[in-house]
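Next up, start.txt (compact mmCIF, C-alpha atoms and all ligand atoms):
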```txt
# COMPACT_ATOMS: atom_id res chain seq x y z
CA MET N 67 142.03 -44.52 -74.68
CA ARG N 68 144.49 -41.98 -76.11
CA LYS N 69 142.47 -39.11 -77.50
CA LYS N 70 143.05 -35.79 -79.18
CA ILE N 71 141.64 -33.20 -76.82
CA ALA N 72 141.08 -29.47 -77.11
CA ALA N 73 140.27 -28.34 -73.59
CA GLY N 74 139.22 -24.77 -72.84
CA ASN N 75 139.92 -23.47 -69.35
CA TRP N 76 137.69 -20.45 -68.79
CA LYS N 77 139.15 -19.85 -65.31
CA MET N 78 137.26 -17.21 -63.26
CA ASN N 79 135.78 -15.47 -66.28
CA ALA N 80 132.31 -14.83 -67.76
CA THR N 81 128.92 -14.05 -66.29
CA LYS N 82 126.16 -16.63 -66.78
CA GLU N 83 124.96 -14.80 -69.93
CA GLN N 84 128.49 -14.60 -71.33
CA ALA N 85 129.13 -18.26 -70.54
CA LEU N 86 125.96 -19.27 -72.35
CA GLU N 87 126.86 -17.10 -75.33
CA LEU N 88 130.34 -18.62 -75.47
CA PHE N 89 128.89 -22.11 -75.34
CA ILE N 90 126.43 -21.28 -78.14
CA GLN N 91 129.14 -19.77 -80.33
CA ILE N 92 131.33 -22.84 -79.90
CA THR N 93 128.57 -25.38 -80.46
CA GLU N 94 127.43 -23.58 -83.63
CA HIS N 95 130.49 -25.16 -85.25
CA TYR N 96 129.96 -28.60 -83.73
CA ASP N 97 128.73 -30.26 -86.92
CA GLN N 98 131.68 -29.04 -88.98
CA ILE N 99 134.41 -30.24 -86.65
CA TRP N 100 133.86 -33.99 -86.97
CA LEU N 101 134.46 -34.76 -83.34
CA ASN N 102 134.32 -38.41 -82.33
CA GLU N 103 135.27 -40.77 -79.52
CA GLN N 104 138.97 -40.11 -80.20
CA PHE N 105 138.78 -36.36 -80.80
CA GLN N 106 136.93 -34.31 -78.23
CA ILE N 107 136.36 -30.84 -76.85
CA ILE N 108 136.31 -30.28 -73.09
CA LEU N 109 135.14 -27.00 -71.59
CA ALA N 110 136.26 -26.31 -68.02
CA VAL N 111 133.76 -23.73 -66.83
CA PRO N 112 133.18 -21.97 -63.48
CA HIS N 113 131.22 -24.01 -60.94
CA PRO N 114 127.97 -21.97 -61.06
CA TYR N 115 127.44 -22.82 -64.74
CA LEU N 116 128.25 -26.53 -64.60
CA ASP N 117 124.69 -27.74 -64.17
CA LEU N 118 123.37 -25.49 -66.94
CA LEU N 119 126.09 -26.43 -69.40
CA THR N 120 126.10 -30.15 -68.71
CA ASP N 121 122.37 -30.06 -69.50
CA LYS N 122 123.00 -28.21 -72.75
CA SER N 123 125.90 -30.46 -73.71
CA VAL N 124 123.68 -33.54 -73.89
CA ASP N 125 123.08 -32.65 -77.55
CA TYR N 126 126.84 -32.70 -78.24
CA PRO N 127 128.18 -36.12 -77.26
CA PHE N 128 131.84 -35.31 -77.92
CA LEU N 129 131.84 -32.00 -76.10
CA LYS N 130 132.42 -32.59 -72.41
CA ILE N 131 132.02 -30.25 -69.46
CA ALA N 132 134.74 -30.10 -66.82
CA ALA N 133 135.09 -28.47 -63.43
CA GLN N 134 138.27 -26.52 -62.68
CA ASN N 135 138.81 -27.95 -59.21
CA CYS N 136 137.24 -30.06 -56.47
CA HIS N 137 137.83 -30.79 -52.80
CA HIS N 138 139.86 -33.78 -51.67
CA LYS N 139 137.13 -35.13 -49.37
CA GLU N 140 133.82 -36.64 -50.37
CA TYR N 141 131.53 -34.50 -48.16
CA GLY N 142 131.49 -32.68 -44.85
CA ALA N 143 132.01 -29.41 -43.03
CA TYR N 144 134.15 -27.63 -45.64
CA THR N 145 132.26 -24.40 -46.21
CA GLY N 146 132.49 -23.14 -49.76
CA GLU N 147 133.98 -26.30 -51.20
CA VAL N 148 132.67 -28.61 -53.91
CA SER N 149 133.21 -32.38 -53.97
CA ALA N 150 133.77 -34.72 -56.90
CA THR N 151 130.57 -36.52 -55.89
CA MET N 152 128.62 -33.29 -56.38
CA LEU N 153 130.27 -32.70 -59.74
CA ALA N 154 129.39 -36.22 -60.87
CA SER N 155 125.78 -35.69 -59.78
CA VAL N 156 125.38 -32.71 -62.14
CA GLY N 157 126.83 -34.57 -65.12
CA VAL N 158 130.40 -33.27 -65.12
CA SER N 159 132.78 -35.75 -66.75
CA HIS N 160 136.23 -34.21 -66.19
CA VAL N 161 137.94 -32.18 -63.46
CA ILE N 162 141.13 -30.13 -63.76
CA ILE N 163 143.37 -30.95 -60.83
CA GLY N 164 146.53 -29.19 -59.68
CA HIS N 165 146.48 -26.25 -62.06
CA SER N 166 149.53 -24.09 -61.35
CA GLU N 167 147.25 -21.23 -60.28
CA ARG N 168 145.87 -23.51 -57.57
CA ARG N 169 149.32 -24.70 -56.60
CA MET N 170 150.48 -21.07 -56.41
CA TYR N 171 147.53 -19.18 -54.88
CA PHE N 172 145.96 -21.98 -52.84
CA HIS N 173 149.16 -23.78 -51.87
CA GLU N 174 148.15 -27.11 -53.35
CA THR N 175 150.83 -29.75 -52.90
CA ASP N 176 151.44 -32.97 -54.82
CA ALA N 177 150.07 -34.90 -51.83
CA LEU N 178 146.81 -32.94 -51.95
CA ILE N 179 146.64 -33.32 -55.71
CA ALA N 180 147.03 -37.09 -55.26
CA GLN N 181 144.02 -37.09 -52.89
CA LYS N 182 141.93 -34.95 -55.22
CA THR N 183 142.79 -37.25 -58.12
CA ASP N 184 141.62 -40.22 -56.07
CA GLN N 185 138.32 -38.45 -55.36
CA VAL N 186 137.78 -37.66 -59.02
CA LEU N 187 138.58 -41.18 -60.18
CA GLY N 188 136.60 -42.74 -57.34
CA ASN N 189 133.53 -40.91 -58.60
CA GLY N 190 134.01 -42.20 -62.12
CA LEU N 191 135.25 -38.87 -63.50
CA THR N 192 138.40 -38.15 -65.48
CA PRO N 193 141.07 -35.94 -63.90
CA ILE N 194 143.10 -33.59 -66.08
CA VAL N 195 146.19 -33.33 -63.90
CA CYS N 196 148.43 -30.31 -64.51
CA ILE N 197 152.18 -30.37 -64.03
CA GLY N 198 154.77 -27.80 -65.03
CA GLU N 199 157.79 -25.90 -63.84
CA PRO N 200 158.14 -22.24 -62.84
CA SER N 201 160.66 -20.08 -64.71
CA GLU N 202 163.43 -20.30 -62.09
CA ILE N 203 163.40 -24.09 -62.37
CA ARG N 204 163.64 -23.84 -66.16
CA ASP N 205 166.48 -21.33 -65.83
CA ASP N 206 168.21 -23.72 -63.46
CA ASN N 207 167.87 -26.48 -66.07
CA SER N 208 166.18 -28.79 -63.55
CA HIS N 209 162.79 -28.72 -65.30
CA LEU N 210 162.76 -32.39 -66.28
CA SER N 211 163.34 -33.76 -62.79
CA TYR N 212 160.97 -31.16 -61.28
CA VAL N 213 158.06 -32.04 -63.56
CA LEU N 214 158.67 -35.79 -63.44
CA ASN N 215 158.67 -35.55 -59.67
CA GLN N 216 155.25 -33.83 -59.79
CA LEU N 217 154.06 -36.65 -62.04
CA LYS N 218 155.34 -39.37 -59.72
CA SER N 219 154.23 -37.74 -56.45
CA GLY N 220 150.77 -36.87 -57.72
CA LEU N 221 149.91 -39.96 -59.72
CA PHE N 222 152.20 -42.96 -59.38
CA HIS N 223 150.32 -44.34 -56.38
CA LEU N 224 147.58 -45.35 -58.84
CA SER N 225 147.25 -48.86 -60.23
CA ALA N 226 148.00 -49.23 -63.95
CA GLU N 227 144.31 -49.68 -64.69
CA THR N 228 143.33 -46.51 -62.86
CA PHE N 229 146.27 -44.49 -64.10
CA SER N 230 145.28 -45.23 -67.70
CA LYS N 231 142.14 -43.11 -67.15
CA VAL N 232 144.10 -39.95 -66.34
CA ILE N 233 144.74 -37.06 -68.74
CA ILE N 234 147.96 -35.13 -68.16
CA ALA N 235 148.50 -31.48 -69.03
CA TYR N 236 152.05 -30.15 -69.19
CA GLU N 237 151.83 -26.44 -68.52
CA PRO N 238 155.09 -24.57 -67.95
CA VAL N 239 154.14 -21.86 -65.46
CA TRP N 240 156.18 -19.22 -67.30
CA ALA N 241 154.10 -19.81 -70.43
CA ILE N 242 150.66 -19.46 -68.83
CA GLY N 243 148.94 -16.23 -69.77
CA THR N 244 152.24 -14.63 -70.79
CA GLY N 245 151.97 -14.89 -74.57
CA LYS N 246 155.30 -16.77 -74.46
CA ASN N 247 154.61 -20.39 -75.37
CA ALA N 248 157.19 -23.12 -75.01
CA SER N 249 159.11 -23.92 -78.21
CA MET N 250 158.44 -27.14 -80.13
CA GLU N 251 161.75 -28.53 -78.84
CA GLN N 252 160.87 -27.69 -75.22
CA VAL N 253 157.41 -29.20 -75.60
CA GLU N 254 158.59 -32.37 -77.27
CA GLU N 255 161.43 -32.83 -74.79
CA MET N 256 159.05 -32.67 -71.84
CA HIS N 257 156.21 -34.69 -73.35
CA THR N 258 158.63 -37.43 -74.37
CA ALA N 259 160.15 -37.47 -70.89
CA ILE N 260 156.68 -37.73 -69.33
CA ARG N 261 155.68 -40.62 -71.59
CA ASN N 262 159.00 -42.37 -70.97
CA GLU N 263 158.55 -42.06 -67.21
CA ILE N 264 155.06 -43.56 -67.51
CA THR N 265 156.55 -46.39 -69.59
CA VAL N 266 159.08 -47.13 -66.87
CA GLN N 267 156.38 -47.22 -64.18
CA TYR N 268 153.44 -48.79 -66.00
CA GLY N 269 154.75 -50.21 -69.29
CA LYS N 270 154.48 -49.14 -72.90
CA GLU N 271 150.90 -50.25 -73.38
CA VAL N 272 149.64 -47.90 -70.65
CA ALA N 273 151.99 -45.06 -71.70
CA ASP N 274 150.69 -45.23 -75.27
CA GLU N 275 147.12 -44.83 -74.02
CA ILE N 276 147.66 -41.60 -72.10
CA SER N 277 146.70 -38.24 -73.59
CA ILE N 278 149.29 -35.58 -72.76
CA LEU N 279 148.10 -32.03 -73.45
CA TYR N 280 150.20 -28.90 -73.71
CA GLY N 281 149.07 -25.66 -72.06
CA GLY N 282 150.57 -22.18 -71.88
CA SER N 283 149.82 -19.42 -74.40
CA CYS N 284 148.63 -21.92 -76.98
CA ASN N 285 146.70 -20.01 -79.64
CA ALA N 286 145.43 -20.19 -83.21
CA VAL N 287 148.83 -19.08 -84.54
CA ASN N 288 151.14 -21.50 -82.71
CA ALA N 289 148.75 -24.47 -82.34
CA ASN N 290 149.88 -26.03 -85.60
CA ASP N 291 153.50 -26.25 -84.45
CA ILE N 292 152.62 -27.40 -80.95
CA PHE N 293 150.18 -30.09 -82.11
CA SER N 294 152.65 -31.40 -84.66
CA CYS N 295 154.91 -32.63 -81.82
CA GLU N 296 154.71 -36.39 -81.70
CA ASN N 297 153.88 -36.71 -78.02
CA VAL N 298 151.36 -33.88 -77.86
CA ASP N 299 147.74 -35.03 -77.90
CA GLY N 300 146.06 -31.65 -77.68
CA GLY N 301 145.94 -28.49 -75.66
CA LEU N 302 144.67 -26.94 -72.45
CA ILE N 303 143.76 -23.48 -73.64
CA GLY N 304 143.18 -20.53 -71.32
CA GLY N 305 142.94 -17.04 -72.85
CA ALA N 306 142.24 -18.20 -76.41
CA SER N 307 139.35 -20.39 -75.23
CA LEU N 308 137.41 -17.24 -74.31
CA LYS N 309 137.48 -16.16 -77.97
CA PRO N 310 135.16 -18.58 -79.76
CA ASN N 311 136.62 -18.07 -83.25
CA ASP N 312 140.16 -18.64 -82.00
CA PHE N 313 139.15 -21.67 -79.97
CA ILE N 314 137.31 -23.24 -82.90
CA GLN N 315 140.34 -22.56 -85.09
CA ILE N 316 142.53 -24.38 -82.56
CA VAL N 317 140.10 -27.31 -82.48
CA LYS N 318 140.15 -27.51 -86.27
CA ILE N 319 143.97 -27.46 -86.32
CA LEU N 320 144.02 -30.31 -83.81
CA GLY N 321 141.59 -32.33 -85.88
CA ALA N 322 143.35 -31.71 -89.21
P1 LIG N 401 146.76 -19.65 -71.26
O1 LIG N 401 146.34 -20.56 -70.01
O2 LIG N 401 146.36 -20.41 -72.51
O3 LIG N 401 145.98 -18.38 -71.09
O4 LIG N 401 148.23 -19.45 -71.19
C1 LIG N 401 146.48 -21.96 -70.03
C2 LIG N 401 146.04 -22.54 -68.71
O5 LIG N 401 146.27 -21.92 -67.67
O6 LIG N 401 145.44 -23.63 -68.66
```
Please, can you express the file's structure as structure tokens?
Amino acid sequence: MRKKIAAGNWKMNATKEQALELFIQITEHYDQIWLNEQFQIILAVPHPYLDLLTDKSVDYPFLKIAAQNCHHKEYGAYTGEVSATMLASVGVSHVIIGHSERRMYFHETDALIAQKTDQVLGNGLTPIVCIGEPSEIRDDNSHLSYVLNQLKSGLFHLSAETFSKVIIAYEPVWAIGTGKNASMEQVEEMHTAIRNEITVQYGKEVADEISILYGGSCNAVNANDIFSCENVDGGLIGGASLKPNDFIQIVKILGA
């Protein structure tokens, strides 16, 4: 089901106490935001706090807890890794897959991202799959084919039924953490291209069901413009999600 989603990506930030405080400050506003089945918050928190925060989130049915990554195998001798099965067992509902920081620093390829997505879906969880071009690709004007290729290579092996469970996040790498968000025209161009590509592969009915989020320096000031783009269904928010007032403001803008 196509939903409006405000997803916070805390990345490798916050101690346990800070994470708890952040969660409390966000949930203090829960009753005023009018979340529902079609309008949800997702918090992607560091692994050590998943169990704690999934427990706490039981009181907030439309606030979901996500992991920021998982391994591509179900179990085994992979010291330090965490599987989708483990995440499911502690009540996680979503997993970010293929964030550009993982592609960049941990050399994740589209093939690996496809396997991770399979693991997540196979465990009944929802993947939030990130795609987006680096600046040199944008400068080269090959951003559309680059991003659509990530989409196809990472996800188009899925059946239509399974694909319809995926959330996509378009995050231009040059916009992440830089304070330089993509313009409305750039966002709408890419989101429309992504939805069109899905239509070609899976048909309009499936394409209309997919939530496509924008990420990259989205904040309380530019959220209104970004969310007013027709094919934008919400945001994947990094830096601003660590500031509870800003994050709540963004959520309210999305819900307005
Ligand atoms: P940012 O990060 O909002 O700090 O740019 C977004 C992301 O990496 O998901």
I'd like a table as CSV: residues in chain N with an atom no more than 10 Å from ligand LIG 401 (chain N), each row giving the shortest atom pair and its distance in Å to one decimal, only C-alpha atoms and all ligand atoms counted, sorted by chain and rising residue number.
```
residue,atom,partner,partner_atom,distance
N:Ala73,CA,N:LIG401,O6,8.6
N:Gly74,CA,N:LIG401,O6,7.6
N:Asn75,CA,N:LIG401,O6,5.6
N:Trp76,CA,N:LIG401,O6,8.4
N:Lys77,CA,N:LIG401,O5,7.8
N:Ala110,CA,N:LIG401,O6,9.6
N:Gln134,CA,N:LIG401,O6,9.8
N:Ile162,CA,N:LIG401,O6,9.2
N:His165,CA,N:LIG401,O5,7.1
N:Ser166,CA,N:LIG401,O5,7.4
N:Glu167,CA,N:LIG401,O5,7.5
N:Cys196,CA,N:LIG401,O6,8.4
N:Ala235,CA,N:LIG401,O6,8.4
N:Tyr236,CA,N:LIG401,O6,9.3
N:Glu237,CA,N:LIG401,O6,7.0
N:Pro238,CA,N:LIG401,O4,9.2
N:Val239,CA,N:LIG401,O5,8.2
N:Trp240,CA,N:LIG401,O4,8.9
N:Ala241,CA,N:LIG401,O4,5.9
N:Ile242,CA,N:LIG401,O4,3.4
N:Gly243,CA,N:LIG401,O4,3.6
N:Thr244,CA,N:LIG401,O4,6.3
N:Gly245,CA,N:LIG401,O4,6.8
N:Lys246,CA,N:LIG401,O4,8.2
N:Asn247,CA,N:LIG401,O4,7.7
N:Tyr280,CA,N:LIG401,C1,8.7
N:Gly281,CA,N:LIG401,C1,5.0
N:Gly282,CA,N:LIG401,O4,3.7
N:Ser283,CA,N:LIG401,O4,3.6
N:Cys284,CA,N:LIG401,O2,5.2
N:Asn285,CA,N:LIG401,O2,7.1
N:Gly301,CA,N:LIG401,O6,8.5
N:Leu302,CA,N:LIG401,O6,5.1
N:Ile303,CA,N:LIG401,O2,4.2
N:Gly304,CA,N:LIG401,O2,3.4
N:Gly305,CA,N:LIG401,O3,3.8
N:Ala306,CA,N:LIG401,O2,6.1
N:Ser307,CA,N:LIG401,O2,7.5
N:Leu308,CA,N:LIG401,O3,9.2
```
key: Counting only C-alpha atoms, the option among N:Ile276, N:Val266, N:Val195, N:Leu88 closest to N:Glu227   =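 Ranked by minimum distance to N:Glu227, first place goes to N:Ile276.
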message = Show me the residues around (143.1, -25.9, -81.8) - criterion: an atom at most 8 Å away, only C-alpha atoms counted - as a ChimeraX atom specification.
response = /N:72,285-286,289-290,300-301,312-321
message = Excluding stretch 178-190 of chain N and its own-chain neighbours fewer than 6 positions away, which residues fall within 7 Å of it when counting all atoms listed in the file? Please give them as number ranges by chain.
response = N: 136-140, 150-151, 154, 163-164, 220-221
request  = Extract, using only C-alpha atoms, all DNA, RNA and protein residues at most 10 Å from N:Ser219, discarding same-chain residues fewer than 2 positions from it, and format them as a PyMOL selection string.
outcome  = chain N and resi 175-180+213-217+221-223
query = Which of these, N:Ile71, N:Leu210, N:Ala248, N:Val156, has the shortest distance to N:Ile234 once you count only C-alpha atoms?
reply =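 Nearest candidate to N:Ile234 out of N:Ile71, N:Leu210, N:Ala248, N:Val156: N:Ile71.
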message = Could you tell me how far atom CA of N:Glu275 sits from atom CA of N:His160, in Å to one decimal place?
response = 17.1 Å
key: Counting only C-alpha atoms, the residue of N:Gly269, N:Asn102, N:Pro112, N:Ser149 that sits nearest N:Ala85   =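 Ranking N:Gly269, N:Asn102, N:Pro112, N:Ser149 by distance to N:Ala85, first place goes to N:Pro112.
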